[in-house]
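A.B. asks: What follows is a single structure, and I will ask about it in a moment.
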Amino acid sequence: MTGLSVLTLVKNREAHLQQLVEGLRRSRRPPDELVVVDMSDTPVEIGPTAWPVRVIRLETDGLPLAAARNQAARHARGDTLIFLDVDCIPGAEVLDALAQAVADTRALVCAEVLYLGPDDARGAWTEVELMRRAAPHPVRPFPASGLIAEPNPGLFWSLAFGVTAAGFKALGGFDEGYTGYGAEDTDFGFKAHANGTPLVLMGGAPVFHQHHDVYDPPLQHFDALVRNARLFHAKWGVWPMEGWLDALAARGLVDWSPDRLTVARPPTPAEIQAARVTG
């Protein structure tokens with residue numbers, strides 16, 4: 001099949017998934033298929049759509065993001081892949097714009113992500129309302145419209161990006177040595193850069209990030225963050241997630257330097273809970 005495959009992962013966020021699907025229904029260019037890798041405790045259900053939906057069950061206790069994205073890509077039949085995190089609502093123009101940008105550049109193309117507040121995509125919504133309420137990322141500027149090349153591969157993010165299926169396969173997908181949360185997308189950006197695949201940022205056709213509680217820093221993923229940071233450093237000679245590593249060090253959980261990362265102690269349940277940011 002030639003065409004456009006949208007790929008997403010879900011673990012116990014079915015309400016977010018339904019809003020993503022609703023965004024696809026309103027898209028100026030609908031997908032040719034939706035592939036969902038479902039890691040939820042209870043299998044998700046998706047209502048009728050005008051395009052095929054295939055749900056791939058992945059039984060897991062953790063959050064193996066690299067392996068799950070690769071599984072989604074293996075089941076995709078389109079020649080253009082658009083990865084969307086499950087908490088992203090695609091705007092009406094973004095699928096068409098990403099597909100065209102990928103065809104023109106053969107790059108990794110990241111769409112701008114605008115952030116919604118706690119109640120901004122609950123129930124009925126219009127894109128005009130989402131645009132009025134959403135805020136850009138505070139430290140990741142995108143062009144107002146069009147494409148710009150981004151020389152820093154560390155700024156690749158996996159929330160909303162497009163790539164050719166052949167390009168994804170040529171890169172070997174995400175490194176499944178990264179188990180759990182953290183650094184797997186930065187590694188993918190570095191791998192693409194090392195293989196001559198450019199990184200491009202696309203403005204003017206956003207996706208909308210649905211609000212949910214977060215942990216800052218993500219102490220609930222402490223073991224995975226440390227393990228994945230060490231793997232990344234061994235491969236690339238630099239540390240990923242420096243802001244999070246600084247936050248862990250400030251809490252006395254790790255010691256890190258340009259050469260090494262050691263664990264001082266794991267976070268306590270109280271510390272994990274205190275890091276939770278609600279809205």
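Chain labels run A, B, ... following the order of the structure tokens; each chain numbers its residues from 1, and ligands are numbered from 1 in the order shown.
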List the spatial neighbours of A:Gly177 as a PDB file with C-alpha atoms, in the first residue's frame - criterion: any atom at most 12 Å away, only C-alpha atoms, same-chain residues fewer than 3 positions off excluded.

C.D. replies:
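Output (selection.pdb):
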```
ATOM      1  CA  PRO A  64       8.981   0.139  26.224  1.00  0.00           C
ATOM      2  CA  LEU A  65       8.618   3.149  23.938  1.00  0.00           C
ATOM      3  CA  ALA A  66      11.363   2.216  21.469  1.00  0.00           C
ATOM      4  CA  ALA A  67      10.071  -1.330  20.974  1.00  0.00           C
ATOM      5  CA  GLY A 173      14.127   2.229  13.814  1.00  0.00           C
ATOM      6  CA  PHE A 174      14.473   3.132  17.480  1.00  0.00           C
ATOM      7  CA  GLY A 180      11.405   2.114  29.434  1.00  0.00           C
ATOM      8  CA  TYR A 181      11.222   5.878  29.390  1.00  0.00           C
ATOM      9  CA  GLY A 182      13.893   8.350  28.368  1.00  0.00           C
ATOM     10  CA  ALA A 183      16.526   9.137  25.708  1.00  0.00           C
ATOM     11  CA  GLU A 184      15.260   6.744  23.026  1.00  0.00           C
ATOM     12  CA  ASP A 187      19.208   8.604  20.293  1.00  0.00           C
ATOM     13  CA  PHE A 188      17.058   8.313  17.165  1.00  0.00           C
ATOM     14  CA  ALA A 224      15.078   3.728  33.312  1.00  0.00           C
ATOM     15  CA  ARG A 227      20.046   3.101  32.591  1.00  0.00           C
ATOM     16  CA  ASN A 228      19.156   4.869  29.352  1.00  0.00           C
ATOM     17  CA  ALA A 229      21.397   7.853  30.093  1.00  0.00           C
ATOM     18  CA  ARG A 230      24.354   5.503  30.568  1.00  0.00           C
ATOM     19  CA  LEU A 231      23.562   3.690  27.315  1.00  0.00           C
ATOM     20  CA  PHE A 232      23.334   6.955  25.414  1.00  0.00           C
ATOM     21  CA  ALA A 234      28.362   4.955  25.935  1.00  0.00           C
ATOM     22  CA  LYS A 235      27.154   5.324  22.334  1.00  0.00           C
TER      23      LYS A 235
END
```

A.B. asks: Using backbone DSSP assignments, extract all strand (DSSP E) residues from stretch 83-152 of chain A; output them as a list in words.

C.D. replies: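 Filtering stretch 83-152 of chain A to strand (DSSP E) leaves Phe83, Leu84, Cys88, Ile89, Pro90, Leu108, Val109, Cys110, Ala111, Glu112, Val113, Leu114, Tyr115, Ala135, Pro136, Gly146, Leu147, Ile148 and Ala149 of chain A.
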
A.B. asks: Using only N, CA, C and O atoms, please write the residues we just selected to a file, as an mmCIF file, in the first residue's frame.

C.D. replies:
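Okay, this is what ended up in again-v5.cif:
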```cif
data_model
loop_
_atom_site.group_PDB
_atom_site.id
_atom_site.type_symbol
_atom_site.label_atom_id
_atom_site.label_comp_id
_atom_site.auth_asym_id
_atom_site.auth_seq_id
_atom_site.Cartn_x
_atom_site.Cartn_y
_atom_site.Cartn_z
ATOM 1 N N PHE A 83 4.193 9.644 13.188
ATOM 2 C CA PHE A 83 4.092 9.213 14.577
ATOM 3 C C PHE A 83 3.467 10.341 15.389
ATOM 4 O O PHE A 83 3.945 11.486 15.356
ATOM 5 N N LEU A 84 2.419 10.016 16.141
ATOM 6 C CA LEU A 84 1.794 10.955 17.057
ATOM 7 C C LEU A 84 1.721 10.332 18.435
ATOM 8 O O LEU A 84 1.238 9.199 18.577
ATOM 9 N N CYS A 88 -1.635 13.798 21.726
ATOM 10 C CA CYS A 88 -1.627 14.854 20.717
ATOM 11 C C CYS A 88 -2.877 14.786 19.847
ATOM 12 O O CYS A 88 -3.233 13.717 19.340
ATOM 13 N N ILE A 89 -3.538 15.934 19.672
ATOM 14 C CA ILE A 89 -4.652 16.063 18.740
ATOM 15 C C ILE A 89 -4.107 16.697 17.466
ATOM 16 O O ILE A 89 -3.609 17.822 17.495
ATOM 17 N N PRO A 90 -4.156 16.004 16.338
ATOM 18 C CA PRO A 90 -3.654 16.612 15.111
ATOM 19 C C PRO A 90 -4.582 17.708 14.609
ATOM 20 O O PRO A 90 -5.797 17.521 14.516
ATOM 21 N N LEU A 108 13.709 13.847 8.760
ATOM 22 C CA LEU A 108 12.838 13.746 9.923
ATOM 23 C C LEU A 108 12.182 15.104 10.082
ATOM 24 O O LEU A 108 12.870 16.117 10.246
ATOM 25 N N VAL A 109 10.864 15.159 10.018
ATOM 26 C CA VAL A 109 10.154 16.430 10.079
ATOM 27 C C VAL A 109 9.310 16.463 11.346
ATOM 28 O O VAL A 109 8.404 15.634 11.514
ATOM 29 N N CYS A 110 9.618 17.387 12.236
ATOM 30 C CA CYS A 110 8.883 17.531 13.489
ATOM 31 C C CYS A 110 7.861 18.648 13.348
ATOM 32 O O CYS A 110 8.192 19.766 12.927
ATOM 33 N N ALA A 111 6.616 18.363 13.686
ATOM 34 C CA ALA A 111 5.564 19.369 13.694
ATOM 35 C C ALA A 111 5.580 20.134 15.007
ATOM 36 O O ALA A 111 5.944 19.589 16.060
ATOM 37 N N GLU A 112 5.168 21.389 14.954
ATOM 38 C CA GLU A 112 5.067 22.173 16.185
ATOM 39 C C GLU A 112 3.974 21.602 17.077
ATOM 40 O O GLU A 112 2.917 21.170 16.603
ATOM 41 N N VAL A 113 4.235 21.610 18.381
ATOM 42 C CA VAL A 113 3.280 21.142 19.379
ATOM 43 C C VAL A 113 2.879 22.323 20.247
ATOM 44 O O VAL A 113 3.738 23.012 20.817
ATOM 45 N N LEU A 114 1.581 22.578 20.336
ATOM 46 C CA LEU A 114 1.029 23.623 21.188
ATOM 47 C C LEU A 114 0.350 22.962 22.383
ATOM 48 O O LEU A 114 -0.309 21.925 22.239
ATOM 49 N N TYR A 115 0.478 23.581 23.557
ATOM 50 C CA TYR A 115 0.095 22.927 24.809
ATOM 51 C C TYR A 115 -1.217 23.493 25.341
ATOM 52 O O TYR A 115 -1.377 24.713 25.454
ATOM 53 N N ALA A 135 -0.669 27.138 24.102
ATOM 54 C CA ALA A 135 0.564 27.911 24.261
ATOM 55 C C ALA A 135 1.723 27.159 23.623
ATOM 56 O O ALA A 135 1.784 25.927 23.681
ATOM 57 N N PRO A 136 2.664 27.874 23.013
ATOM 58 C CA PRO A 136 3.829 27.195 22.442
ATOM 59 C C PRO A 136 4.756 26.687 23.533
ATOM 60 O O PRO A 136 4.689 27.122 24.690
ATOM 61 N N GLY A 146 6.101 27.165 7.330
ATOM 62 C CA GLY A 146 7.159 26.587 6.516
ATOM 63 C C GLY A 146 8.129 25.742 7.308
ATOM 64 O O GLY A 146 7.849 25.301 8.430
ATOM 65 N N LEU A 147 9.302 25.524 6.711
ATOM 66 C CA LEU A 147 10.292 24.603 7.232
ATOM 67 C C LEU A 147 11.603 25.311 7.509
ATOM 68 O O LEU A 147 11.990 26.223 6.782
ATOM 69 N N ILE A 148 12.280 24.884 8.580
ATOM 70 C CA ILE A 148 13.655 25.313 8.804
ATOM 71 C C ILE A 148 14.476 24.079 9.192
ATOM 72 O O ILE A 148 13.986 23.181 9.880
ATOM 73 N N ALA A 149 15.723 24.053 8.738
ATOM 74 C CA ALA A 149 16.628 22.975 9.117
ATOM 75 C C ALA A 149 17.103 23.212 10.540
ATOM 76 O O ALA A 149 17.392 24.347 10.937
#
```

A.B. asks: Sorted by chain and rising residue number, list the residues of stretch 114-179 of chain A at most 12 Å from stretch 102-107 of chain A (counting only C-alpha atoms), each with its closest atom pair and distance in Å to one decimal, as a tab-separated table.

C.D. replies:
```
residue	atom	partner	partner_atom	distance
A:Gly146	CA	A:Asp104	CA	11.9
A:Leu147	CA	A:Thr105	CA	9.6
A:Ile148	CA	A:Thr105	CA	10.8
A:Ala149	CA	A:Ala107	CA	9.4
A:Glu150	CA	A:Ala107	CA	10.7
A:Pro153	CA	A:Ala107	CA	11.8
A:Phe156	CA	A:Ala107	CA	11.4
A:Phe161	CA	A:Val102	CA	9.4
A:Gly162	CA	A:Val102	CA	6.4
A:Val163	CA	A:Val102	CA	5.9
A:Thr164	CA	A:Val102	CA	6.7
A:Ala165	CA	A:Arg106	CA	10.3
A:Ala166	CA	A:Arg106	CA	9.8
A:Gly167	CA	A:Arg106	CA	7.7
A:Phe168	CA	A:Ala107	CA	10.1
A:Leu171	CA	A:Ala107	CA	11.8
```

A.B. asks: Counting only C-alpha atoms, what is within 9 Å of A:Pro258, bar same-chain residues fewer than 5 positions away, as a list in words?

C.D. replies: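 With the cut-off at 9 Å, the set is Gly237, Val238 and Trp239 of chain A.
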
A.B. asks: Keeping N, CA, C and O atoms for every residue in the selection just given, could you write it to a file as a compact mmCIF listing (two decimals), in the first residue's frame?

C.D. replies:
```txt
# COMPACT_ATOMS: atom_id res chain seq x y z
N GLY A 237 29.01 9.56 23.65
CA GLY A 237 30.03 10.32 24.35
C GLY A 237 29.55 11.60 25.00
O GLY A 237 30.36 12.38 25.52
N VAL A 238 28.24 11.83 25.00
CA VAL A 238 27.65 12.98 25.69
C VAL A 238 26.44 12.49 26.47
O VAL A 238 25.92 11.40 26.22
N TRP A 239 26.00 13.31 27.41
CA TRP A 239 24.86 12.92 28.22
C TRP A 239 23.57 13.48 27.63
O TRP A 239 23.52 14.65 27.24
```

A.B. asks: Hey, what's within 7 Å of stretch 249-253 of chain A if we count only C-alpha atoms and toss same-chain stuff fewer than 2 positions away? As a list of chain:residue names, please?

C.D. replies: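 In the requested form, the answer reads A:Leu245, A:Asp246, A:Ala247, A:Asp255, A:Val263, A:Ala264, A:Arg265, A:Pro266, A:Pro267.
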
A.B. asks: Measuring atom to atom with only C-alpha atoms, identify which of A:Ala68, A:Leu95, A:Val6, A:Ala205 is nearest to A:Asp175.

C.D. replies: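 Ranked by minimum distance to A:Asp175, first place goes to A:Ala68.
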
A.B. asks: Based on DSSP run over this structure's backbone, return all residues of stretch 134-216 of chain A in helix (DSSP H, G or I), as a PDB file with N, CA, C and O atoms, in the first residue's frame.

C.D. replies:
```
ATOM      1  N   PRO A 153      20.749  17.643  16.496  1.00  0.00           N
ATOM      2  CA  PRO A 153      19.892  16.449  16.518  1.00  0.00           C
ATOM      3  C   PRO A 153      19.281  16.187  17.875  1.00  0.00           C
ATOM      4  O   PRO A 153      18.305  15.442  17.986  1.00  0.00           O
ATOM      5  N   GLY A 154      19.840  16.802  18.929  1.00  0.00           N
ATOM      6  CA  GLY A 154      19.273  16.634  20.254  1.00  0.00           C
ATOM      7  C   GLY A 154      17.917  17.283  20.408  1.00  0.00           C
ATOM      8  O   GLY A 154      17.220  17.028  21.392  1.00  0.00           O
ATOM      9  N   LEU A 155      17.508  18.111  19.423  1.00  0.00           N
ATOM     10  CA  LEU A 155      16.198  18.758  19.490  1.00  0.00           C
ATOM     11  C   LEU A 155      15.116  17.970  18.760  1.00  0.00           C
ATOM     12  O   LEU A 155      13.982  18.432  18.664  1.00  0.00           O
ATOM     13  N   ALA A 165       8.769   5.607   5.224  1.00  0.00           N
ATOM     14  CA  ALA A 165       8.902   4.241   5.739  1.00  0.00           C
ATOM     15  C   ALA A 165      10.266   3.669   5.386  1.00  0.00           C
ATOM     16  O   ALA A 165      10.896   2.986   6.205  1.00  0.00           O
ATOM     17  N   ALA A 166      10.743   3.966   4.177  1.00  0.00           N
ATOM     18  CA  ALA A 166      12.060   3.469   3.771  1.00  0.00           C
ATOM     19  C   ALA A 166      13.158   4.101   4.606  1.00  0.00           C
ATOM     20  O   ALA A 166      14.134   3.428   4.984  1.00  0.00           O
ATOM     21  N   GLY A 167      13.021   5.383   4.910  1.00  0.00           N
ATOM     22  CA  GLY A 167      14.027   6.053   5.738  1.00  0.00           C
ATOM     23  C   GLY A 167      14.056   5.509   7.151  1.00  0.00           C
ATOM     24  O   GLY A 167      15.131   5.332   7.738  1.00  0.00           O
ATOM     25  N   PHE A 168      12.879   5.257   7.713  1.00  0.00           N
ATOM     26  CA  PHE A 168      12.809   4.691   9.055  1.00  0.00           C
ATOM     27  C   PHE A 168      13.475   3.322   9.083  1.00  0.00           C
ATOM     28  O   PHE A 168      14.261   3.017   9.992  1.00  0.00           O
ATOM     29  N   LYS A 169      13.199   2.505   8.073  1.00  0.00           N
ATOM     30  CA  LYS A 169      13.792   1.171   8.012  1.00  0.00           C
ATOM     31  C   LYS A 169      15.298   1.255   7.836  1.00  0.00           C
ATOM     32  O   LYS A 169      16.059   0.492   8.450  1.00  0.00           O
ATOM     33  N   ALA A 170      15.763   2.190   7.005  1.00  0.00           N
ATOM     34  CA  ALA A 170      17.198   2.330   6.772  1.00  0.00           C
ATOM     35  C   ALA A 170      17.944   2.716   8.047  1.00  0.00           C
ATOM     36  O   ALA A 170      19.103   2.330   8.245  1.00  0.00           O
ATOM     37  N   GLU A 184      15.368   7.530  24.264  1.00  0.00           N
ATOM     38  CA  GLU A 184      15.260   6.744  23.026  1.00  0.00           C
ATOM     39  C   GLU A 184      15.008   7.644  21.818  1.00  0.00           C
ATOM     40  O   GLU A 184      15.471   7.354  20.709  1.00  0.00           O
ATOM     41  N   ASP A 185      14.297   8.764  22.013  1.00  0.00           N
ATOM     42  CA  ASP A 185      14.055   9.642  20.876  1.00  0.00           C
ATOM     43  C   ASP A 185      15.287  10.495  20.558  1.00  0.00           C
ATOM     44  O   ASP A 185      15.600  10.731  19.387  1.00  0.00           O
ATOM     45  N   THR A 186      16.005  10.939  21.585  1.00  0.00           N
ATOM     46  CA  THR A 186      17.244  11.677  21.335  1.00  0.00           C
ATOM     47  C   THR A 186      18.246  10.798  20.605  1.00  0.00           C
ATOM     48  O   THR A 186      18.939  11.251  19.686  1.00  0.00           O
ATOM     49  N   ASP A 187      18.331   9.540  20.987  1.00  0.00           N
ATOM     50  CA  ASP A 187      19.208   8.604  20.293  1.00  0.00           C
ATOM     51  C   ASP A 187      18.808   8.482  18.828  1.00  0.00           C
ATOM     52  O   ASP A 187      19.674   8.447  17.938  1.00  0.00           O
ATOM     53  N   PHE A 188      17.528   8.422  18.546  1.00  0.00           N
ATOM     54  CA  PHE A 188      17.058   8.313  17.165  1.00  0.00           C
ATOM     55  C   PHE A 188      17.470   9.543  16.363  1.00  0.00           C
ATOM     56  O   PHE A 188      17.903   9.440  15.208  1.00  0.00           O
ATOM     57  N   GLY A 189      17.353  10.731  16.983  1.00  0.00           N
ATOM     58  CA  GLY A 189      17.796  11.943  16.312  1.00  0.00           C
ATOM     59  C   GLY A 189      19.276  11.937  16.023  1.00  0.00           C
ATOM     60  O   GLY A 189      19.718  12.333  14.925  1.00  0.00           O
ATOM     61  N   PHE A 190      20.075  11.485  16.982  1.00  0.00           N
ATOM     62  CA  PHE A 190      21.527  11.397  16.779  1.00  0.00           C
ATOM     63  C   PHE A 190      21.855  10.385  15.683  1.00  0.00           C
ATOM     64  O   PHE A 190      22.746  10.617  14.850  1.00  0.00           O
ATOM     65  N   LYS A 191      21.155   9.259  15.675  1.00  0.00           N
ATOM     66  CA  LYS A 191      21.411   8.234  14.667  1.00  0.00           C
ATOM     67  C   LYS A 191      21.079   8.765  13.280  1.00  0.00           C
ATOM     68  O   LYS A 191      21.826   8.523  12.314  1.00  0.00           O
ATOM     69  N   ALA A 192      19.964   9.485  13.159  1.00  0.00           N
ATOM     70  CA  ALA A 192      19.602  10.058  11.867  1.00  0.00           C
ATOM     71  C   ALA A 192      20.673  11.041  11.398  1.00  0.00           C
ATOM     72  O   ALA A 192      21.081  11.033  10.234  1.00  0.00           O
ATOM     73  N   HIS A 193      21.134  11.884  12.308  1.00  0.00           N
ATOM     74  CA  HIS A 193      22.176  12.868  11.962  1.00  0.00           C
ATOM     75  C   HIS A 193      23.451  12.159  11.502  1.00  0.00           C
ATOM     76  O   HIS A 193      24.065  12.557  10.499  1.00  0.00           O
ATOM     77  N   ALA A 194      23.837  11.111  12.210  1.00  0.00           N
ATOM     78  CA  ALA A 194      25.054  10.385  11.852  1.00  0.00           C
ATOM     79  C   ALA A 194      24.932   9.708  10.500  1.00  0.00           C
ATOM     80  O   ALA A 194      25.947   9.485   9.822  1.00  0.00           O
TER      81      ALA A 194
END
```

A.B. asks: Quick check, in Å to one decimal: how far apart do atom CA of A:Lys11 and atom CA of A:Asp38 lie?

C.D. replies: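 Distance between the two atoms: 6.2 Å.
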
A.B. asks: What is the distance, in Å and to one decimal place, between atom CA of A:Val86 and atom CA of A:Pro151?

C.D. replies: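 Computing it gives 27.3 Å between the two atoms.
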
A.B. asks: Show me, as a list of chain:residue names, the residues that have an atom within 7 Å of A:Ser145 when counting only C-alpha atoms, minus same-chain residues fewer than 4 positions from it.

C.D. replies: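 In the requested form, the answer reads A:Met202, A:Gly203, A:Gly204.
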
A.B. asks: To one decimal place in Å, what is the distance between atom CA of A:Val36 and atom CA of A:Val214?

C.D. replies: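 That distance, rounded to one decimal, is 22.6 Å.
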
A.B. asks: Using only C-alpha atoms, find the one residue out of A:Glu127, A:Leu201, A:Pro240, A:Ile82 that sits nearest to A:Arg140.

C.D. replies: A:Leu201
